[in-house]
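Let me begin by presenting the structure, written as structure tokens, before commenting on it.
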Amino acid sequence: MEVTLNHILFLSTALFFIGVYGFLTRRNVITMLMAIELLLNSVNINFIAFNKYLYADKLDGVFFTLFLIAIAAAEASVAIAIIINIYRNYRSIDVDDVDSLKW
Amino acid sequence: MTASSFIFYVLAAFILGSGLLAVTSRKLFRAAIYLLFSLIGIAGLYFWMNYEFIAAVQIVVYVGGIVVLIIFSIFLTHHVGAEMEQPNRLRMGFAALAAFLSFVFCALVISKNEFAIPDQAPVPLTVDRIGMQMLSLTEHGYILPFEVVSMLLLAAMIGCIVIAMKLPEKTS
């Protein structure tokens with residue numbers, strides 16, 4: 001059986017919803033960040049697959065993937081700076097413990 | 001089944017298996033290592049699609065950068081080997097149900113859709129094509145997003161330093 005575009009889309013969809021499951025169940029900020037990385041990676045797989053199978057003579061999917069990787073790196077570094085700051089103030093990085101703004 | 005499709009299914013099982021372990025493992029450090037394997041599998045998928053440059057960027061930035069950053073933050077905030085508490089059963093059930101139903105919906109939509117694959121010879125992705133188009137000022141050039149992303153990275157770097165900086169105690 002030949003691998004078609006639909007197979008790769010099934011793979012990226014499954015990876016996306018694994019990330020969604022992790023984001024909904026985890027209560028620890030670092031593991032939620034890891035779930036977000038899985039989501040971004042599934043989007044990258046989609047861009048590359050569409051670029052390869054439908055528009056092989058163009059490069060736009062490649063550029064979107066490159067910019068997404070750069071933005072994901074910026075996002076992860078800012079998130080980790082925030083996590084370290086939260087840990088310093090609350091001695092915990094559980095999202096249920098950080099509730100100062102709750103009434 | 002050809003060797004190419006066999007390699008694809010092995011890679012897909014590897015990516016999904018380690019991704020699933022990364023979101024369900026209760027040991028934080030192990031979850032980070034499973035995430036690392038999942039990202040390496042995705043880089044292997046890019047190699048499988050003959051996009052070597054993207055695979056190299058994936059390995060350098062994700063595996064060499066982001067995962068190392070995550071492991072650093074785990075070491076700064078946790079005891080190694082400490083187990084996380086079991087999440088709420090009800091929340092786990094509803095999250096699994098929501099994720100599974102959405103997956104089934106999306107899979108149905110994808111399987112109904114037939115893509116019109118154009119009949120053309122594959123063009124090899126060379127690095128000089130990427131570089132020429134990314135820094136080109138003509139119509140399909142990507143110089144403006146390139147500059148915007150460089151400003152974003154600079155802003156993120158300064159922002160990280162300011163957020164994580166420890167202010168000296170006032171002695172008054």
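Chain lettering (A, B, ...) mirrors the order of the structure tokens, residue numbering begins at 1 for each chain separately, and ligand numbering begins at 1 in order of display.
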
Proximity check chain A to chain B, 8 Å, nearest pairs one decimal Å, only C-alpha atoms, as a Markdown table:
| residue | atom | partner | partner_atom | distance |
| --- | --- | --- | --- | --- |
| A:Met1 | CA | B:Met1 | CA | 5.3 |
| A:Glu2 | CA | B:Ser5 | CA | 6.2 |
| A:Val3 | CA | B:Ser5 | CA | 5.6 |
| A:Leu5 | CA | B:Phe115 | CA | 7.9 |
| A:Asn6 | CA | B:Ile110 | CA | 6.6 |
| A:Leu9 | CA | B:Ile110 | CA | 7.4 |
| A:Phe10 | CA | B:Ala107 | CA | 6.4 |
| A:Leu11 | CA | B:Ala12 | CA | 6.5 |
| A:Thr13 | CA | B:Phe103 | CA | 6.7 |
| A:Ala14 | CA | B:Phe103 | CA | 6.6 |
| A:Leu15 | CA | B:Leu16 | CA | 6.2 |
| A:Phe17 | CA | B:Ala99 | CA | 5.4 |
| A:Ile18 | CA | B:Leu20 | CA | 6.2 |
| A:Gly19 | CA | B:Val23 | CA | 7.2 |
| A:Val20 | CA | B:Ala99 | CA | 6.5 |
| A:Tyr21 | CA | B:Ala95 | CA | 5.6 |
| A:Gly22 | CA | B:Val23 | CA | 4.8 |
| A:Leu24 | CA | B:Ala95 | CA | 5.9 |
| A:Thr25 | CA | B:Met92 | CA | 5.6 |
| A:Arg26 | CA | B:Pro87 | CA | 7.0 |
| A:Arg27 | CA | B:Pro87 | CA | 7.6 |
| A:Ile30 | CA | B:Ile70 | CA | 7.2 |
| A:Thr31 | CA | B:Val23 | CA | 7.3 |
| A:Met34 | CA | B:Leu35 | CA | 7.2 |
| A:Ala35 | CA | B:Val23 | CA | 6.7 |
| A:Leu38 | CA | B:Gly19 | CA | 7.5 |
| A:Asn41 | CA | B:Ile42 | CA | 7.8 |
| A:Ile45 | CA | B:Ile42 | CA | 7.8 |
| A:Ile48 | CA | B:Tyr46 | CA | 7.9 |
| A:Ala49 | CA | B:Met49 | CA | 8.0 |
| A:Lys52 | CA | B:Met49 | CA | 7.5 |
| A:Tyr53 | CA | B:Ile117 | CA | 6.6 |
| A:Leu54 | CA | B:Ile117 | CA | 5.8 |
| A:Tyr55 | CA | B:Pro118 | CA | 8.0 |
| A:Ala56 | CA | B:Pro122 | CA | 5.9 |
| A:Asp57 | CA | B:Val123 | CA | 5.7 |
| A:Leu59 | CA | B:Ile130 | CA | 7.3 |
| A:Val62 | CA | B:Ile54 | CA | 7.4 |
| A:Phe63 | CA | B:Met134 | CA | 7.6 |
| A:Thr65 | CA | B:Ile54 | CA | 7.9 |
| A:Leu66 | CA | B:Ile54 | CA | 7.4 |
| A:Phe67 | CA | B:Val149 | CA | 7.2 |
| A:Ile69 | CA | B:Val61 | CA | 7.4 |
| A:Ala70 | CA | B:Val149 | CA | 7.4 |
| A:Ile71 | CA | B:Val149 | CA | 7.4 |
| A:Ala73 | CA | B:Ile66 | CA | 6.4 |
| A:Ala74 | CA | B:Ala156 | CA | 5.8 |
| A:Glu75 | CA | B:Ala156 | CA | 7.7 |
| A:Ala76 | CA | B:Ile66 | CA | 6.7 |
| A:Ser77 | CA | B:Cys160 | CA | 6.8 |
| A:Val78 | CA | B:Cys160 | CA | 5.3 |
| A:Ile80 | CA | B:Ser73 | CA | 6.7 |
| A:Ala81 | CA | B:Ala164 | CA | 5.1 |
| A:Ile82 | CA | B:Ile163 | CA | 6.5 |
| A:Ile83 | CA | B:Ser73 | CA | 7.9 |
| A:Ile84 | CA | B:Ala164 | CA | 6.5 |
| A:Asn85 | CA | B:Ala164 | CA | 5.7 |
| A:Tyr87 | CA | B:Thr77 | CA | 6.8 |
| A:Ser92 | CA | B:Thr77 | CA | 7.8 |
| A:Ile93 | CA | B:Thr77 | CA | 7.8 |

Could you give me the residues within chain A that DSSP places in helix (DSSP H, G or I), as number ranges by chain? A: 5-25, 29-53, 60-90

With C-alpha atoms retained, could you export that selection as a compact mmCIF listing (two decimals), in the first residue's frame?
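Output file out-v7.txt is given in full below:
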# COMPACT_ATOMS: atom_id res chain seq x y z
CA LEU A 5 -1.04 12.50 1.70
CA ASN A 6 -4.03 11.27 3.72
CA HIS A 7 -1.83 8.89 5.74
CA ILE A 8 0.45 11.75 6.80
CA LEU A 9 -2.59 13.87 7.67
CA PHE A 10 -3.90 11.03 9.88
CA LEU A 11 -0.53 10.92 11.64
CA SER A 12 -0.45 14.67 12.29
CA THR A 13 -4.10 14.68 13.43
CA ALA A 14 -3.40 11.88 15.91
CA LEU A 15 -0.33 13.74 17.21
CA PHE A 16 -2.37 16.95 17.55
CA PHE A 17 -5.03 15.29 19.67
CA ILE A 18 -2.44 13.51 21.80
CA GLY A 19 -1.14 17.02 22.54
CA VAL A 20 -4.67 18.24 23.29
CA TYR A 21 -5.20 15.34 25.70
CA GLY A 22 -1.94 16.15 27.47
CA PHE A 23 -2.81 19.83 27.69
CA LEU A 24 -6.21 19.06 29.23
CA THR A 25 -5.07 16.47 31.78
CA VAL A 29 3.17 23.99 33.69
CA ILE A 30 6.24 22.25 32.24
CA THR A 31 4.25 19.26 30.98
CA MET A 32 1.62 21.61 29.52
CA LEU A 33 4.44 23.34 27.65
CA MET A 34 5.57 19.95 26.33
CA ALA A 35 2.02 19.27 25.09
CA ILE A 36 2.08 22.61 23.25
CA GLU A 37 5.33 21.59 21.55
CA LEU A 38 3.59 18.44 20.27
CA LEU A 39 0.75 20.57 18.86
CA LEU A 40 3.18 22.87 17.03
CA ASN A 41 5.04 19.88 15.61
CA SER A 42 1.88 18.34 14.21
CA VAL A 43 1.17 21.64 12.42
CA ASN A 44 4.71 21.57 10.98
CA ILE A 45 4.17 18.05 9.64
CA ASN A 46 1.03 19.27 7.88
CA PHE A 47 2.83 22.19 6.24
CA ILE A 48 5.67 19.99 5.00
CA ALA A 49 3.32 17.26 3.74
CA PHE A 50 1.16 19.71 1.77
CA ASN A 51 4.27 21.35 0.35
CA LYS A 52 5.70 18.02 -0.78
CA TYR A 53 2.59 16.41 -2.24
CA ASP A 60 6.06 28.38 0.93
CA GLY A 61 5.37 25.43 3.24
CA VAL A 62 9.07 25.21 4.02
CA PHE A 63 9.19 28.89 4.98
CA PHE A 64 6.10 28.63 7.16
CA THR A 65 7.71 25.67 8.94
CA LEU A 66 10.99 27.53 9.46
CA PHE A 67 9.23 30.58 10.90
CA LEU A 68 7.04 28.37 13.09
CA ILE A 69 10.12 26.67 14.51
CA ALA A 70 11.68 30.08 15.28
CA ILE A 71 8.49 31.29 16.97
CA ALA A 72 8.19 28.04 18.95
CA ALA A 73 11.75 28.55 20.24
CA ALA A 74 10.94 32.12 21.32
CA GLU A 75 7.71 30.95 22.96
CA ALA A 76 9.43 28.14 24.86
CA SER A 77 12.16 30.41 26.20
CA VAL A 78 9.68 33.06 27.40
CA ALA A 79 7.50 30.34 28.95
CA ILE A 80 10.46 28.92 30.87
CA ALA A 81 11.44 32.37 32.15
CA ILE A 82 7.87 32.79 33.41
CA ILE A 83 7.95 29.29 34.98
CA ILE A 84 11.14 30.12 36.87
CA ASN A 85 9.59 33.36 38.10
CA ILE A 86 6.41 31.56 39.22
CA TYR A 87 8.48 28.94 41.04
CA ARG A 88 10.41 31.67 42.84
CA ASN A 89 7.19 33.30 44.07
CA TYR A 90 4.99 30.28 44.83

Counting only C-alpha atoms, which residue out of B:Val127, B:Met151, B:Leu144, B:Ile33 sits closest to Val63 in chain B? B:Ile33
